[in-house]
Each structure stands twice: as structure tokens, then as C-alpha cells.
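Q: Handing over entry_13.cif, mmCIF, C-alpha atoms; chains and numbers go by the auth columns.
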```cif
data_entry
loop_
_atom_site.group_PDB
_atom_site.id
_atom_site.type_symbol
_atom_site.label_atom_id
_atom_site.label_comp_id
_atom_site.label_asym_id
_atom_site.label_seq_id
_atom_site.Cartn_x
_atom_site.Cartn_y
_atom_site.Cartn_z
_atom_site.B_iso_or_equiv
_atom_site.auth_seq_id
_atom_site.auth_asym_id
ATOM 1 C CA MET A 1 -7.603 -11.608 -19.968 0.00 1477 A
ATOM 2 C CA SER A 2 -11.289 -12.263 -19.421 0.00 1478 A
ATOM 3 C CA VAL A 3 -14.142 -9.925 -20.303 0.00 1479 A
ATOM 4 C CA PRO A 4 -14.750 -8.747 -16.686 0.00 1480 A
ATOM 5 C CA GLU A 5 -11.047 -7.935 -16.304 0.00 1481 A
ATOM 6 C CA THR A 6 -11.097 -5.982 -19.564 0.00 1482 A
ATOM 7 C CA VAL A 7 -14.158 -4.019 -18.468 0.00 1483 A
ATOM 8 C CA ASP A 8 -12.523 -3.431 -15.075 0.00 1484 A
ATOM 9 C CA ARG A 9 -9.370 -2.044 -16.690 0.00 1485 A
ATOM 10 C CA ALA A 10 -11.376 0.162 -19.059 0.00 1486 A
ATOM 11 C CA LEU A 11 -13.405 1.629 -16.194 0.00 1487 A
ATOM 12 C CA LEU A 12 -10.287 2.246 -14.104 0.00 1488 A
ATOM 13 C CA THR A 13 -8.610 3.932 -17.069 0.00 1489 A
ATOM 14 C CA ALA A 14 -11.664 6.146 -17.559 0.00 1490 A
ATOM 15 C CA ALA A 15 -11.610 7.007 -13.844 0.00 1491 A
ATOM 16 C CA VAL A 16 -7.949 8.019 -14.014 0.00 1492 A
ATOM 17 C CA VAL A 17 -8.603 10.166 -17.078 0.00 1493 A
ATOM 18 C CA LEU A 18 -11.468 11.934 -15.272 0.00 1494 A
ATOM 19 C CA ILE A 19 -9.265 12.479 -12.203 0.00 1495 A
ATOM 20 C CA VAL A 20 -6.581 14.079 -14.392 0.00 1496 A
ATOM 21 C CA ILE A 21 -9.145 16.330 -16.116 0.00 1497 A
ATOM 22 C CA ALA A 22 -10.562 17.351 -12.729 0.00 1498 A
ATOM 23 C CA GLY A 23 -7.026 18.085 -11.528 0.00 1499 A
ATOM 24 C CA ALA A 24 -6.429 20.394 -14.495 0.00 1500 A
ATOM 25 C CA GLY A 25 -9.648 22.268 -13.746 0.00 1501 A
ATOM 26 C CA LEU A 26 -8.676 22.414 -10.096 0.00 1502 A
ATOM 27 C CA LEU A 27 -5.333 24.023 -10.884 0.00 1503 A
ATOM 28 C CA ALA A 28 -7.114 26.632 -12.981 0.00 1504 A
ATOM 29 C CA ARG A 29 -9.450 27.427 -10.072 0.00 1505 A
ATOM 30 C CA VAL A 30 -6.559 27.699 -7.600 0.00 1506 A
ATOM 31 C CA TRP A 31 -4.689 29.996 -9.996 0.00 1507 A
ATOM 32 C CA ARG A 32 -7.633 32.276 -10.914 0.00 1508 A
ATOM 33 C CA GLY A 33 -9.349 32.501 -7.546 0.00 1509 A
ATOM 34 C CA PRO A 34 -11.074 35.007 -7.355 0.00 1510 A
ATOM 35 C CA SER A 35 -11.470 34.785 -3.583 0.00 1511 A
ATOM 36 C CA MET A 36 -9.625 33.117 -0.737 0.00 1512 A
ATOM 37 C CA LEU A 37 -12.612 30.865 -0.135 0.00 1513 A
ATOM 38 C CA ASP A 38 -12.488 29.581 -3.731 0.00 1514 A
ATOM 39 C CA ARG A 39 -8.841 28.706 -3.284 0.00 1515 A
ATOM 40 C CA ALA A 40 -9.503 26.992 0.053 0.00 1516 A
ATOM 41 C CA ILE A 41 -12.251 24.845 -1.447 0.00 1517 A
ATOM 42 C CA SER A 42 -9.973 24.020 -4.373 0.00 1518 A
ATOM 43 C CA LEU A 43 -7.272 22.798 -2.024 0.00 1519 A
ATOM 44 C CA ASP A 44 -9.836 20.628 -0.250 0.00 1520 A
ATOM 45 C CA VAL A 45 -10.866 19.165 -3.601 0.00 1521 A
ATOM 46 C CA CYS A 46 -7.171 18.618 -4.344 0.00 1522 A
ATOM 47 C CA ALA A 47 -6.931 16.371 -1.298 0.00 1523 A
ATOM 48 C CA ALA A 48 -9.997 14.454 -2.510 0.00 1524 A
ATOM 49 C CA LEU A 49 -8.444 14.028 -5.964 0.00 1525 A
ATOM 50 C CA ILE A 50 -5.214 12.736 -4.470 0.00 1526 A
ATOM 51 C CA ILE A 51 -7.215 10.223 -2.448 0.00 1527 A
ATOM 52 C CA ALA A 52 -9.142 9.201 -5.570 0.00 1528 A
ATOM 53 C CA GLY A 53 -5.889 8.809 -7.497 0.00 1529 A
ATOM 54 C CA LEU A 54 -4.429 6.613 -4.773 0.00 1530 A
ATOM 55 C CA GLY A 55 -7.635 4.567 -4.787 0.00 1531 A
ATOM 56 C CA ALA A 56 -7.359 4.080 -8.546 0.00 1532 A
ATOM 57 C CA LYS A 57 -3.708 3.067 -8.211 0.00 1533 A
ATOM 58 C CA SER A 58 -4.675 0.639 -5.489 0.00 1534 A
ATOM 59 C CA ALA A 59 -7.413 -0.813 -7.677 0.00 1535 A
ATOM 60 C CA PHE A 60 -5.044 -1.175 -10.647 0.00 1536 A
ATOM 61 C CA ALA A 61 -2.485 -3.002 -8.538 0.00 1537 A
ATOM 62 C CA ARG A 62 -5.138 -4.870 -6.515 0.00 1538 A
ATOM 63 C CA ASP A 63 -3.120 -3.957 -3.443 0.00 1539 A
ATOM 64 C CA PRO A 64 -4.615 -2.470 -0.238 0.00 1540 A
ATOM 65 C CA PHE A 65 -1.303 -0.845 0.744 0.00 1541 A
ATOM 66 C CA TYR A 66 -2.549 2.722 0.111 0.00 1542 A
ATOM 67 C CA PHE A 67 -5.757 2.499 2.196 0.00 1543 A
ATOM 68 C CA PRO A 68 -4.184 3.761 5.471 0.00 1544 A
ATOM 69 C CA ILE A 69 -2.479 6.564 3.540 0.00 1545 A
ATOM 70 C CA MET A 70 -5.826 7.516 2.016 0.00 1546 A
ATOM 71 C CA LEU A 71 -7.391 7.583 5.474 0.00 1547 A
ATOM 72 C CA VAL A 72 -4.678 9.886 6.850 0.00 1548 A
ATOM 73 C CA LEU A 73 -4.996 12.200 3.840 0.00 1549 A
ATOM 74 C CA ALA A 74 -8.766 12.364 4.333 0.00 1550 A
ATOM 75 C CA PHE A 75 -8.268 13.343 7.966 0.00 1551 A
ATOM 76 C CA LEU A 76 -5.668 15.981 7.080 0.00 1552 A
ATOM 77 C CA GLY A 77 -7.901 17.372 4.336 0.00 1553 A
ATOM 78 C CA PHE A 78 -10.816 17.662 6.754 0.00 1554 A
ATOM 79 C CA THR A 79 -8.814 19.343 9.499 0.00 1555 A
ATOM 80 C CA GLY A 80 -7.215 21.689 6.987 0.00 1556 A
ATOM 81 C CA SER A 81 -10.625 22.686 5.641 0.00 1557 A
ATOM 82 C CA VAL A 82 -11.947 23.357 9.124 0.00 1558 A
ATOM 83 C CA GLY A 83 -8.880 25.440 9.975 0.00 1559 A
ATOM 84 C CA ILE A 84 -9.148 27.508 6.807 0.00 1560 A
ATOM 85 C CA ALA A 85 -12.889 28.006 7.327 0.00 1561 A
ATOM 86 C CA ARG A 86 -12.296 29.251 10.880 0.00 1562 A
ATOM 87 C CA PHE A 87 -9.569 31.604 9.669 0.00 1563 A
ATOM 88 C CA ILE A 88 -11.797 33.033 6.952 0.00 1564 A
ATOM 89 C CA ALA A 89 -14.748 33.360 9.356 0.00 1565 A
ATOM 90 C CA VAL A 90 -12.655 35.358 11.843 0.00 1566 A
ATOM 91 C CA ARG A 91 -11.090 37.483 9.131 0.00 1567 A
ATOM 92 C CA ASP A 92 -14.407 38.293 7.431 0.00 1568 A
ATOM 93 C CA ARG A 93 -16.332 39.009 10.635 0.00 1569 A
ATOM 94 C CA PRO A 94 -17.940 42.451 10.362 0.00 1570 A
ATOM 95 C CA LYS A 95 -16.333 45.087 12.545 0.00 1571 A
ATOM 96 C CA LYS A 96 -18.459 46.883 15.111 0.00 1572 A
ATOM 97 C CA THR A 97 -18.879 50.542 14.418 0.00 1573 A
ATOM 98 C CA ARG A 98 -18.505 53.184 17.074 0.00 1574 A
ATOM 99 C CA GLN A 99 -22.282 53.594 17.310 0.00 1575 A
ATOM 100 C CA GLN A 100 -22.813 49.868 17.854 0.00 1576 A
ATOM 101 C CA LYS A 101 -20.205 49.874 20.629 0.00 1577 A
ATOM 102 C CA GLU A 102 -21.953 52.757 22.397 0.00 1578 A
ATOM 103 C CA GLY A 103 -25.300 51.015 22.390 0.00 1579 A
ATOM 104 C CA GLY A 104 -26.839 52.253 19.157 0.00 1580 A
ATOM 105 C CA LYS A 105 -27.120 55.946 20.045 0.00 1581 A
#
```
Please go through the file and, once you have read it, give me the structure as C-alpha cells.
A:
Amino acid sequence: MSVPETVDRALLTAAVVLIVIAGAGLLARVWRGPSMLDRAISLDVCAALIIAGLGAKSAFARDPFYFPIMLVLAFLGFTGSVGIARFIAVRDRPKKTRQQKEGGK
């Protein structure tokens, strides 16, 4: 194995280790919360970590097989984040009081 290949493997190994550490922190954030928005952002980051893990696996194997899967996961993560954000925005919208409905009397 040449020096560039050794450096490449070391960097990929370091990337995988960082992805695993980030995943452990992510699970702690999903578990602890404290709010629904924190959990929603954590699930979005989870999708990004899965994509990063697939990218690292693809780089280790030097195989582009996982690229379309990564693209689909990125799209699903984005649409899921938008859906959750819309749900939270509707749920947390302030309610009109009786005075506001009557024109501020």
C-alpha cells in the first residue's frame, strides 16, 4: 500500500469515528429533547449522518453504488424537515383572543 492510500484510509477511518461520535450525541439529543423542535432538528441531522456514513462506505469500497441512495435520502430528509417545520409552525401559532377577534375593543 502506498503512502497516499495509507493517508486516505486513515482519513476515512477518522471520518467514520467522527460520524459515530456525532451519532451518539444525536441519540442523546433525541432522547433528552427538551422540545419538539430539538427532536425534529436531531432527526434531520440523523438523515445527514446516514448520508455521510454511506458516503464513507462508498469511499472505502471505491464504489459509486450508494450515490443514488444518498440522493434519495437527502430529498426525504429535506421534505421531512419541511413537513415537521410546517406542523410545528401551525401548532405553535398564537391563538387569537376574544378581544382581538372583536376588533381590539
Q: Near Ile1527 in chain A, within 10 Å and counting all atoms listed in the file, which residues show up once chain neighbours fewer than 6 positions away are dropped, as a list in words?
A: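 Contacts, in chain order: Val1521, Lys1533, Tyr1542, Phe1543, Ile1545, Met1546, Leu1547, Val1548, Leu1549, Ala1550 and Gly1553 of chain A.
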Q: Which residues fall under the PyMOL selection byres ((chain A and resi 1483-1492) around 8) in this file, as a list of chain:residue names?
A: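 Taken over the shown coordinates, the PyMOL selection byres ((chain A and resi 1483-1492) around 8) returns A:Val1479, A:Pro1480, A:Glu1481, A:Thr1482, A:Val1493, A:Leu1494, A:Ile1495, A:Val1496, A:Gly1529, A:Ala1532, A:Ala1535, A:Phe1536.
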Q: Could you tell me which residues the PyMOL selection byres ((chain A and resi 1516) around 12) returns for this structure, as a ChimeraX atom specification?
A: /A:1502,1505-1507,1509-1515,1517-1523,1553-1554,1556-1564
Q: Just checking: using all atoms listed in the file, which residue out of A:Leu1525, A:Arg1567, A:Gly1531, A:Met1477 ends up closest to Ile1497 in chain A?
A: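 Among the listed residues, A:Leu1525 lies closest to Ile1497 in chain A.
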Q: Could you please determine the separation between CA of Ala1498 in chain A and CA of Ala1524 in chain A in Å, to one decimal place?
A: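 Interatomic distance, CA of Ala1498 in chain A to CA of Ala1524 in chain A: 10.6 Å.
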